[in-house]
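Down below is the structure, laid out as structure tokens.
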2 protein chains.
Amino acid sequence: MRPQDIIAKKRDGHALTKDEIGIFIGGVCDGAWADYQISALVMAMFINGLNDEEQNILTQSMLHSGDTIDLADIDRPKADKHSTGGVGDKTSLIIAPLAAACGLAVPMISGRGLGHTGGTLDKLESIPGYNVRLTLDELKQTIKACGFAMAGQTDRLVPADKKLYAMRDATATVPYIPLIVASIMSKKLAENLDALALDVKTGTGAFMNEFEDAKRLAEAMCQTGNACGVKTQAVISDMNQPLGKYVGNSLEVYECLKIMRNEHDDIMLPTRELSIDLTARMLTLTGFCKDIETAKMLCEQKLSEGAPLESFRANIELQHGDVRVIDNPETLLNGSLKEIAVTAAGSGFINGIDSLAIGEAICEIGGGRTKAEDAVDHAVGYLSAKQIGDAVREGEELGVIFCRTREQADSVFAKLQTAYRITDESTTKPELIKYVV
Amino acid sequence: MRPQDIIAKKRDGHALTKDEIGIFIGGVCDGAWADYQISALVMAMFINGLNDEEQNILTQSMLHSGDTIDLADIDRPKADKHSTGGVGDKTSLIIAPLAAACGLAVPMISGRGLGHTGGTLDKLESIPGYNVRLTLDELKQTIKACGFAMAGQTDRLVPADKKLYAMRDATATVPYIPLIVASIMSKKLAENLDALALDVKTGTGAFMNEFEDAKRLAEAMCQTGNACGVKTQAVISDMNQPLGKYVGNSLEVYECLKIMRNEHDDIMLPTRELSIDLTARMLTLTGFCKDIETAKMLCEQKLSEGAPLESFRANIELQHGDVRVIDNPETLLNGSLKEIAVTAAGSGFINGIDSLAIGEAICEIGGGRTKAEDAVDHAVGYLSAKQIGDAVREGEELGVIFCRTREQADSVFAKLQTAYRITDESTTKPELIKYVV
């Protein structure tokens with residue numbers, strides 16, 4: 001079947017068969033389809049739609065386009081979590097060691113930050129020496145030894161996604177749920193999981209600003225995950241303000257270690273709460289715990305015993321990082337940075353926070369990337385001192401910029417200050433977990 | 001404005017502005033748009049549509065993507081005709097010299113045959129030495145000297161179309177009227193015409209099988225032509241049987257010369273009639289003649305005087321062809337060819353002819369191309385002896401295959417024989433000109 005025959009079928013609004021989608025993904029990988037044929041079909045999919053079955057077939061075809069992670073000889077339930085990305089979203093660094101400490105195997109393939117959102121790999125590389133470039137065999141050996149591993153995508157895992165994603169970005173075909181689902185889920189399903197917990201963010205710092213869009217995406221991912229034999233659940237969590245206390249690579253690792261060391265303050269509590277919730281879902285979905293309450297109690301117990309901290313210590317050693325951060329997280333804080341307060345321009349209540357602006361500001365001073373090939377300054381970042389619902393007085397500290405130069409702070413000060421909407425009316429704090437699919 | 005922003009706009013069903021379409025066509029030509037971005041936008045155009053204004057802007061943008069033909073210093077009305085292609089469709093070879101003989105200037109840029117349809121350039125190259133590769137300056141000098149020139153597309157005329165067309169063929173985006181209109185009309189409008197007569201074919205051997213589709217295309221081309229300042233009219237002509245007597249390059253030139261020499265037989269009459277009709281429209285649209293009847297009388301008069309034959313003689317000389325074909329068209333017939341009769345399998349009336357099958361059969365024995373880079377055997381072809389409405393007896397000759405070997409004839413005999421639907425009921429001959437837009 002020629003590419004143009006398959007393209008014509010979707011162009012005319014017909015559903016594609018398993019064979020046709022297989023030919024397409026095969027052609028993407030082996031070069032039998034020209035780039036312009038791929039993008040023409042993707043545009044036809046975007047406009048004319050993919051039904052649930054096509055979405056599932058596309059996901060499966062993509063996941064089988066390369067190697068998958070075979071953890072069959074690891075005698076633990078396999079689970080992972082995926083987040084759609086946000087500002088200060090650092091839960092992976094707690095979830096992986098916590099889930100491992102509870103008894104799961106976690107093959108966590110993560111990404112890098114882009115735009116206003118951070119990436120787990122960048123955060124991990126704040127730990128001196130930490131190696132995120134593992135072969136599939138190294139990944140497996142690390143999981144065997146300490147219960148989890150955190151690494152980047154390899155060229156051999158879901159190669160179809162790499163090519164499709166780059167093209168979608170340049171052809172305005174990113175924001176379509178079935179294509180998003182196939183991209184995310186093919187990579188997660190290539191981990192051969194028993195269970196997957198999804199954290200779909202909604203709000204000013206999320207890709208899905210609107211709750212209803214987030215809900216649709218969450219439902220679509222759960223449908224595909226479960227149809228493909230992986231027990232999948234999604235929480236829709238709030239991203240109308242940065243999650244927890246810090247934004248920025250080193251600072252976020254610091255926050256996670258403080259939580260795992262039980263040395264956290266109140267501003268860090270949402271990070272802790274969301275990490276426990278998602279881990280508890282992984283424990284429940286795998287059948288490891290009988291219900292979510294039991295699972296949360298197990299998480300609390302393991303945290304209070306310091307078990308996740310020891311899992312992380314073992315992992316850092318195995319992935320060649322400097323384990324001194326475990327006992328002394330303060331080594332992650334760069335004492336030579338300037339700390340510049342962002343102050344409230346007026347008095348009242350914080351009624352809204354533009355998390356996108358905060359994420360972009362940190363990106364602009366070097367803490368993130370605007371292009372995939374940019375370098376990242378792991379040290380810089382932001383301390384988010386006030387949350388929605390807090391009362392503030394004019395001149396009071398809203399947050400603190402951690403930066404290299406005075407000029408950097410000046411360049412983003414106004415953006416950060418105006419990210420806070422301060423009004424006379426009080427408001428309630430947003431719920432952290434808004435919905436569970 | 002980034003390509004993806006323009007793509008997103010059409011993806012979401014909005015009309016594009018003149019600037020946006022200009023950026024697109026500019027990007028097609030200068031490489032600023034990647035192939036996959038071009039095809040994504042073209043697919044979005046195909047599915048979500050282009051309105052009349054966008055169709056006209058796209059045509060204009062494409063026509064200005066390269067050089068145009070400047071005939072300002074030729075003191076004759078400029079006119080041309082374009083046909084959507086068919087089997088035995090040879091009228092250009094009469095229209096150009098006839099219109100020139102009447103007093104028009106005809107800058108006829110033509111194409112080559114592909115699939116079941118022939119191309120004017122291939123037919124002309126049946127004349128030994130005839131050169132269809134003219135520079136724009138040579139084209140102009142030839143028109144100045146003899147009233148018309150016939151040549152191929154140059155790389156500098158409408159370069160956007162060349163790139164777009166190749167891509168549309170591979171991405172299932174050919175059969176959409178606004179894109180067809182922009183492709184055809186940009187090339188014709190680059191000739192800087194005063195008037196254009198269009199011959200839109202409908203029937204078994206045409207790209208538009210259905211009359212209503214042909215009518216829509218004809219109306220769309222006329223809308224764009226007139227909106228762009230070129231007086232444009234279209235006839236919808238019958239392609240339910242090969243036009244005239246012969247199919248095949250040399251044979252078709254032979255038929256045209258016989259008509260210009262007033263030595264034609266009855267089977268050639270439709271070729272003559274359609275050529276006169278289209279030429280008369282060119283004469284009327286330019287204002288050269290006051291109405292179609294006067295124009296047709298002028299054509300008849302010029303033909304009876306042999307004026308078009310002399311125009312053609314002058315043209316062949318200027319384009320370096322062998323002028324002996326003018327006085328002795330029989331030199332175009334290759335005496336060494338085998339002539340194999342196709343006979344009727346039964347008795348009755350011819351109720352239908354599959355012209356596509358006849359075109360394909362001639363292509364298969366070498367008279368046409370399946371790929372653009374194929375060579376063509378100018379000598380082979382077909383004599384169409386019977387038309388729709390004719391009564392035939394079993395074993396009677398339906399046509400004659402002109403071929404190199406007996407095997408060639410055997411390989412297409414059944415296809416040709418079954419191209420004729422013979423039934424007991426008599427039927428009327430189809431009207432040659434079905435509609436005028």
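Ordered as shown in the structure tokens, chains take letters A, B, and onward, while each chain numbers its residues from 1 and ligands are numbered from 1 in the order shown.
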
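Applying a distance limit of 6 Å to only C-alpha atoms, the residues of chain A near chain B read A:Gln4, A:Ala8, A:Asp35, A:Tyr36, A:Gln37, A:Ser39, A:Ala40, A:Met43, A:Ala170, A:Thr171, A:Ala172.
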
Residues as selected, C-alpha atoms, written as a PDB file, in the first residue's frame, can you do that?
ATOM      1  CA  GLN A   4      -0.513   8.329  -0.635  1.00  0.00           C
ATOM      2  CA  ALA A   8      -5.934   9.753   1.119  1.00  0.00           C
ATOM      3  CA  ASP A  35       9.021  13.664   5.704  1.00  0.00           C
ATOM      4  CA  TYR A  36       6.389  15.502   3.704  1.00  0.00           C
ATOM      5  CA  GLN A  37       4.249  12.385   3.523  1.00  0.00           C
ATOM      6  CA  SER A  39       3.486  15.476   8.005  1.00  0.00           C
ATOM      7  CA  ALA A  40       0.614  15.341   5.505  1.00  0.00           C
ATOM      8  CA  MET A  43      -2.151  16.924   9.627  1.00  0.00           C
ATOM      9  CA  ALA A 170       7.310  22.487  13.194  1.00  0.00           C
ATOM     10  CA  THR A 171       3.944  21.760  11.578  1.00  0.00           C
ATOM     11  CA  ALA A 172       1.455  22.945  14.211  1.00  0.00           C
TER      12      ALA A 172
END

Residues flagged helix (DSSP H, G or I) by DSSP in range 370-419 of chain B, as a PyMOL selection string: chain B and resi 406-417

Nearby residues (only C-alpha atoms) at most 10 Å from range 118-134 of chain A, same-chain spacing under 4 positions excluded, as JSON, numbers by chain: {"A": [85, 86, 87, 88, 89, 90, 91, 92, 93, 108, 109, 110, 111, 112, 113, 114, 138, 139, 140, 142, 149, 150, 151, 152, 153, 154, 247, 248, 249, 250, 251, 252, 253, 254, 315, 316, 317, 318, 319, 320, 321, 322, 323, 324, 325, 326, 329, 331, 332, 359, 362, 363, 367, 368, 369, 375, 376, 377, 378, 379]}

Ala197 in chain B environment, 9 Å, only C-alpha atoms, sequence neighbours closer than 6 positions dropped, as a list in words: Ala79, Asp80, Lys81, His82, Ser83, Lys231, Thr232, Gln233, Ala234, Val235, Leu278, Thr279, Arg281, Met282 and Leu285 of chain B

Please dump the current selection as a short mmCIF file (atom, residue, chain, number, x, y, z; two decimals), in the first residue's frame; keep N, CA, C and O atoms.
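What landed in result.cif:
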data_model
loop_
_atom_site.label_atom_id
_atom_site.label_comp_id
_atom_site.auth_asym_id
_atom_site.auth_seq_id
_atom_site.Cartn_x
_atom_site.Cartn_y
_atom_site.Cartn_z
N ALA B 79 -3.53 35.44 -26.60
CA ALA B 79 -4.50 34.46 -26.10
C ALA B 79 -3.90 33.07 -26.13
O ALA B 79 -2.94 32.80 -26.87
N ASP B 80 -4.46 32.20 -25.32
CA ASP B 80 -4.00 30.82 -25.28
C ASP B 80 -5.20 29.95 -24.93
O ASP B 80 -6.28 30.44 -24.58
N LYS B 81 -5.02 28.64 -25.06
CA LYS B 81 -6.04 27.71 -24.57
C LYS B 81 -5.35 26.69 -23.69
O LYS B 81 -4.15 26.45 -23.81
N HIS B 82 -6.12 26.13 -22.79
CA HIS B 82 -5.59 25.05 -21.95
C HIS B 82 -6.63 23.96 -21.88
O HIS B 82 -7.83 24.22 -21.73
N SER B 83 -6.16 22.72 -21.97
CA SER B 83 -7.06 21.58 -21.84
C SER B 83 -6.66 20.78 -20.60
O SER B 83 -5.49 20.70 -20.25
N LYS B 231 -9.59 37.62 -19.58
CA LYS B 231 -10.93 37.19 -19.99
C LYS B 231 -10.88 35.68 -20.24
O LYS B 231 -10.14 35.20 -21.10
N THR B 232 -11.65 34.96 -19.46
CA THR B 232 -11.54 33.50 -19.46
C THR B 232 -12.91 32.86 -19.68
O THR B 232 -13.89 33.28 -19.09
N GLN B 233 -12.94 31.88 -20.55
CA GLN B 233 -14.16 31.13 -20.80
C GLN B 233 -13.77 29.65 -20.88
O GLN B 233 -12.66 29.33 -21.28
N ALA B 234 -14.72 28.79 -20.48
CA ALA B 234 -14.43 27.36 -20.52
C ALA B 234 -15.53 26.63 -21.26
O ALA B 234 -16.71 26.95 -21.11
N VAL B 235 -15.13 25.65 -22.07
CA VAL B 235 -16.12 24.71 -22.59
C VAL B 235 -15.89 23.38 -21.88
O VAL B 235 -14.77 23.03 -21.54
N LEU B 278 -12.71 26.46 -29.91
CA LEU B 278 -11.82 27.07 -28.90
C LEU B 278 -11.08 28.28 -29.47
O LEU B 278 -10.91 29.30 -28.79
N THR B 279 -10.65 28.16 -30.72
CA THR B 279 -9.99 29.31 -31.36
C THR B 279 -10.96 30.48 -31.47
O THR B 279 -10.58 31.64 -31.20
N ARG B 281 -13.38 31.18 -29.53
CA ARG B 281 -13.54 31.80 -28.21
C ARG B 281 -12.36 32.73 -27.90
O ARG B 281 -12.52 33.80 -27.33
N MET B 282 -11.16 32.32 -28.28
CA MET B 282 -9.99 33.18 -28.08
C MET B 282 -10.16 34.47 -28.87
O MET B 282 -9.85 35.57 -28.38
N LEU B 285 -13.04 36.51 -27.07
CA LEU B 285 -12.67 37.03 -25.74
C LEU B 285 -11.69 38.21 -25.83
O LEU B 285 -11.76 39.15 -25.05
#

Nearby residues (only C-alpha atoms) at most 12 Å from Tyr435 in chain B, same-chain spacing under 5 positions excluded, as number ranges by chain: B: 198-202, 211-212, 214-216, 218-219, 233-238

Write a file of the selected residues as a CSV table (one decimal), in the first residue's frame, keeping N, CA and C atoms.
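As written to disk, selection.csv reads:
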chain,number,residue,atom,x,y,z
B,198,LEU,N,-10.6,27.7,-22.1
B,198,LEU,CA,-10.3,26.4,-21.3
B,198,LEU,C,-11.1,25.3,-21.9
B,199,ASP,N,-10.5,24.2,-22.0
B,199,ASP,CA,-11.2,23.0,-22.5
B,199,ASP,C,-11.2,22.0,-21.4
B,200,VAL,N,-12.3,21.9,-20.6
B,200,VAL,CA,-12.4,21.0,-19.5
B,200,VAL,C,-13.1,19.7,-20.0
B,201,LYS,N,-12.3,18.6,-19.9
B,201,LYS,CA,-12.9,17.4,-20.4
B,201,LYS,C,-13.6,16.6,-19.4
B,202,THR,N,-14.7,15.9,-19.8
B,202,THR,CA,-15.4,15.1,-18.8
B,202,THR,C,-15.7,13.8,-19.5
B,211,PHE,N,-19.7,15.1,-15.0
B,211,PHE,CA,-19.9,16.4,-15.6
B,211,PHE,C,-19.9,17.5,-14.5
B,212,GLU,N,-20.6,17.2,-13.3
B,212,GLU,CA,-20.7,18.2,-12.3
B,212,GLU,C,-19.3,18.6,-11.7
B,214,ALA,N,-16.5,18.5,-13.5
B,214,ALA,CA,-15.9,19.3,-14.5
B,214,ALA,C,-16.4,20.7,-14.5
B,215,LYS,N,-17.7,20.8,-14.3
B,215,LYS,CA,-18.4,22.1,-14.3
B,215,LYS,C,-17.8,23.0,-13.1
B,216,ARG,N,-17.7,22.4,-12.0
B,216,ARG,CA,-17.1,23.1,-10.8
B,216,ARG,C,-15.7,23.6,-11.1
B,218,ALA,N,-14.4,24.1,-14.1
B,218,ALA,CA,-14.4,25.1,-15.1
B,218,ALA,C,-14.8,26.4,-14.5
B,219,GLU,N,-15.9,26.4,-13.7
B,219,GLU,CA,-16.3,27.7,-13.0
B,219,GLU,C,-15.2,28.3,-12.2
B,233,GLN,N,-12.9,31.9,-20.6
B,233,GLN,CA,-14.2,31.1,-20.8
B,233,GLN,C,-13.8,29.7,-20.9
B,234,ALA,N,-14.7,28.8,-20.5
B,234,ALA,CA,-14.4,27.4,-20.5
B,234,ALA,C,-15.5,26.6,-21.3
B,235,VAL,N,-15.1,25.6,-22.1
B,235,VAL,CA,-16.1,24.7,-22.6
B,235,VAL,C,-15.9,23.4,-21.9
B,236,ILE,N,-17.0,22.7,-21.6
B,236,ILE,CA,-16.9,21.3,-21.1
B,236,ILE,C,-17.1,20.4,-22.3
B,237,SER,N,-16.1,19.6,-22.6
B,237,SER,CA,-16.2,18.8,-23.9
B,237,SER,C,-16.1,17.3,-23.5
B,238,ASP,N,-16.6,16.6,-24.4
B,238,ASP,CA,-16.8,15.1,-24.2
B,238,ASP,C,-15.5,14.4,-24.3

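In this model, the gap between CA of Ile95 in chain B and CA of Arg272 in chain B comes to 9.4 Å.
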
Non-local contacts of Met260 in chain A (10 Å; only C-alpha atoms; under 3 positions in same chain excluded) as a PyMOL selection string: chain A and resi 93-94+97-98+254-257+263-264+272+302-310+312+326

From B:Leu217, B:Ile21, B:Ala101, B:Ala15, residue lying nearest Pro175 in chain B [only C-alpha atoms]: B:Leu217

CA of Val437 in chain A to CA of Thr224 in chain A, distance in Å rounded to a single decimal: 12.8 Å

Selected residue of minimal separation from Thr286 in chain B among B:Pro77, B:Gly49, B:Gly389, B:Gly147, counting only C-alpha atoms: B:Pro77

Selection: 9 Å around Thr418 in chain A, only C-alpha atoms, excl. self and same-chain fewer than 6 positions, as JSON, numbers by chain: {"A": [344, 345, 353, 354, 357]}

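Picture a line from CA of Thr68 in chain A to CA of Ala32 in chain A; it runs 22.6 Å.
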
Residue with smallest distance to Met62 in chain A - pool A:Asp161, A:Asp424, A:Glu20, A:Asp266, counting only C-alpha atoms: A:Asp161

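Restricting the calculation to only C-alpha atoms, the smallest distance between Pro270 in chain B and any of B:Gln387, B:Gln301, B:Thr428, B:Thr284 is found for B:Gln387.
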
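Closest approach to Met221 in chain B among B:Gly205, B:Pro178, B:Gly381, B:Gly366 is made by B:Pro178 (distances from only C-alpha atoms).
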
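Minimum distance to Gln141 in chain B across B:Leu63, B:Val174, B:Ala160, B:Ala105 (counting only C-alpha atoms) occurs at B:Ala105.
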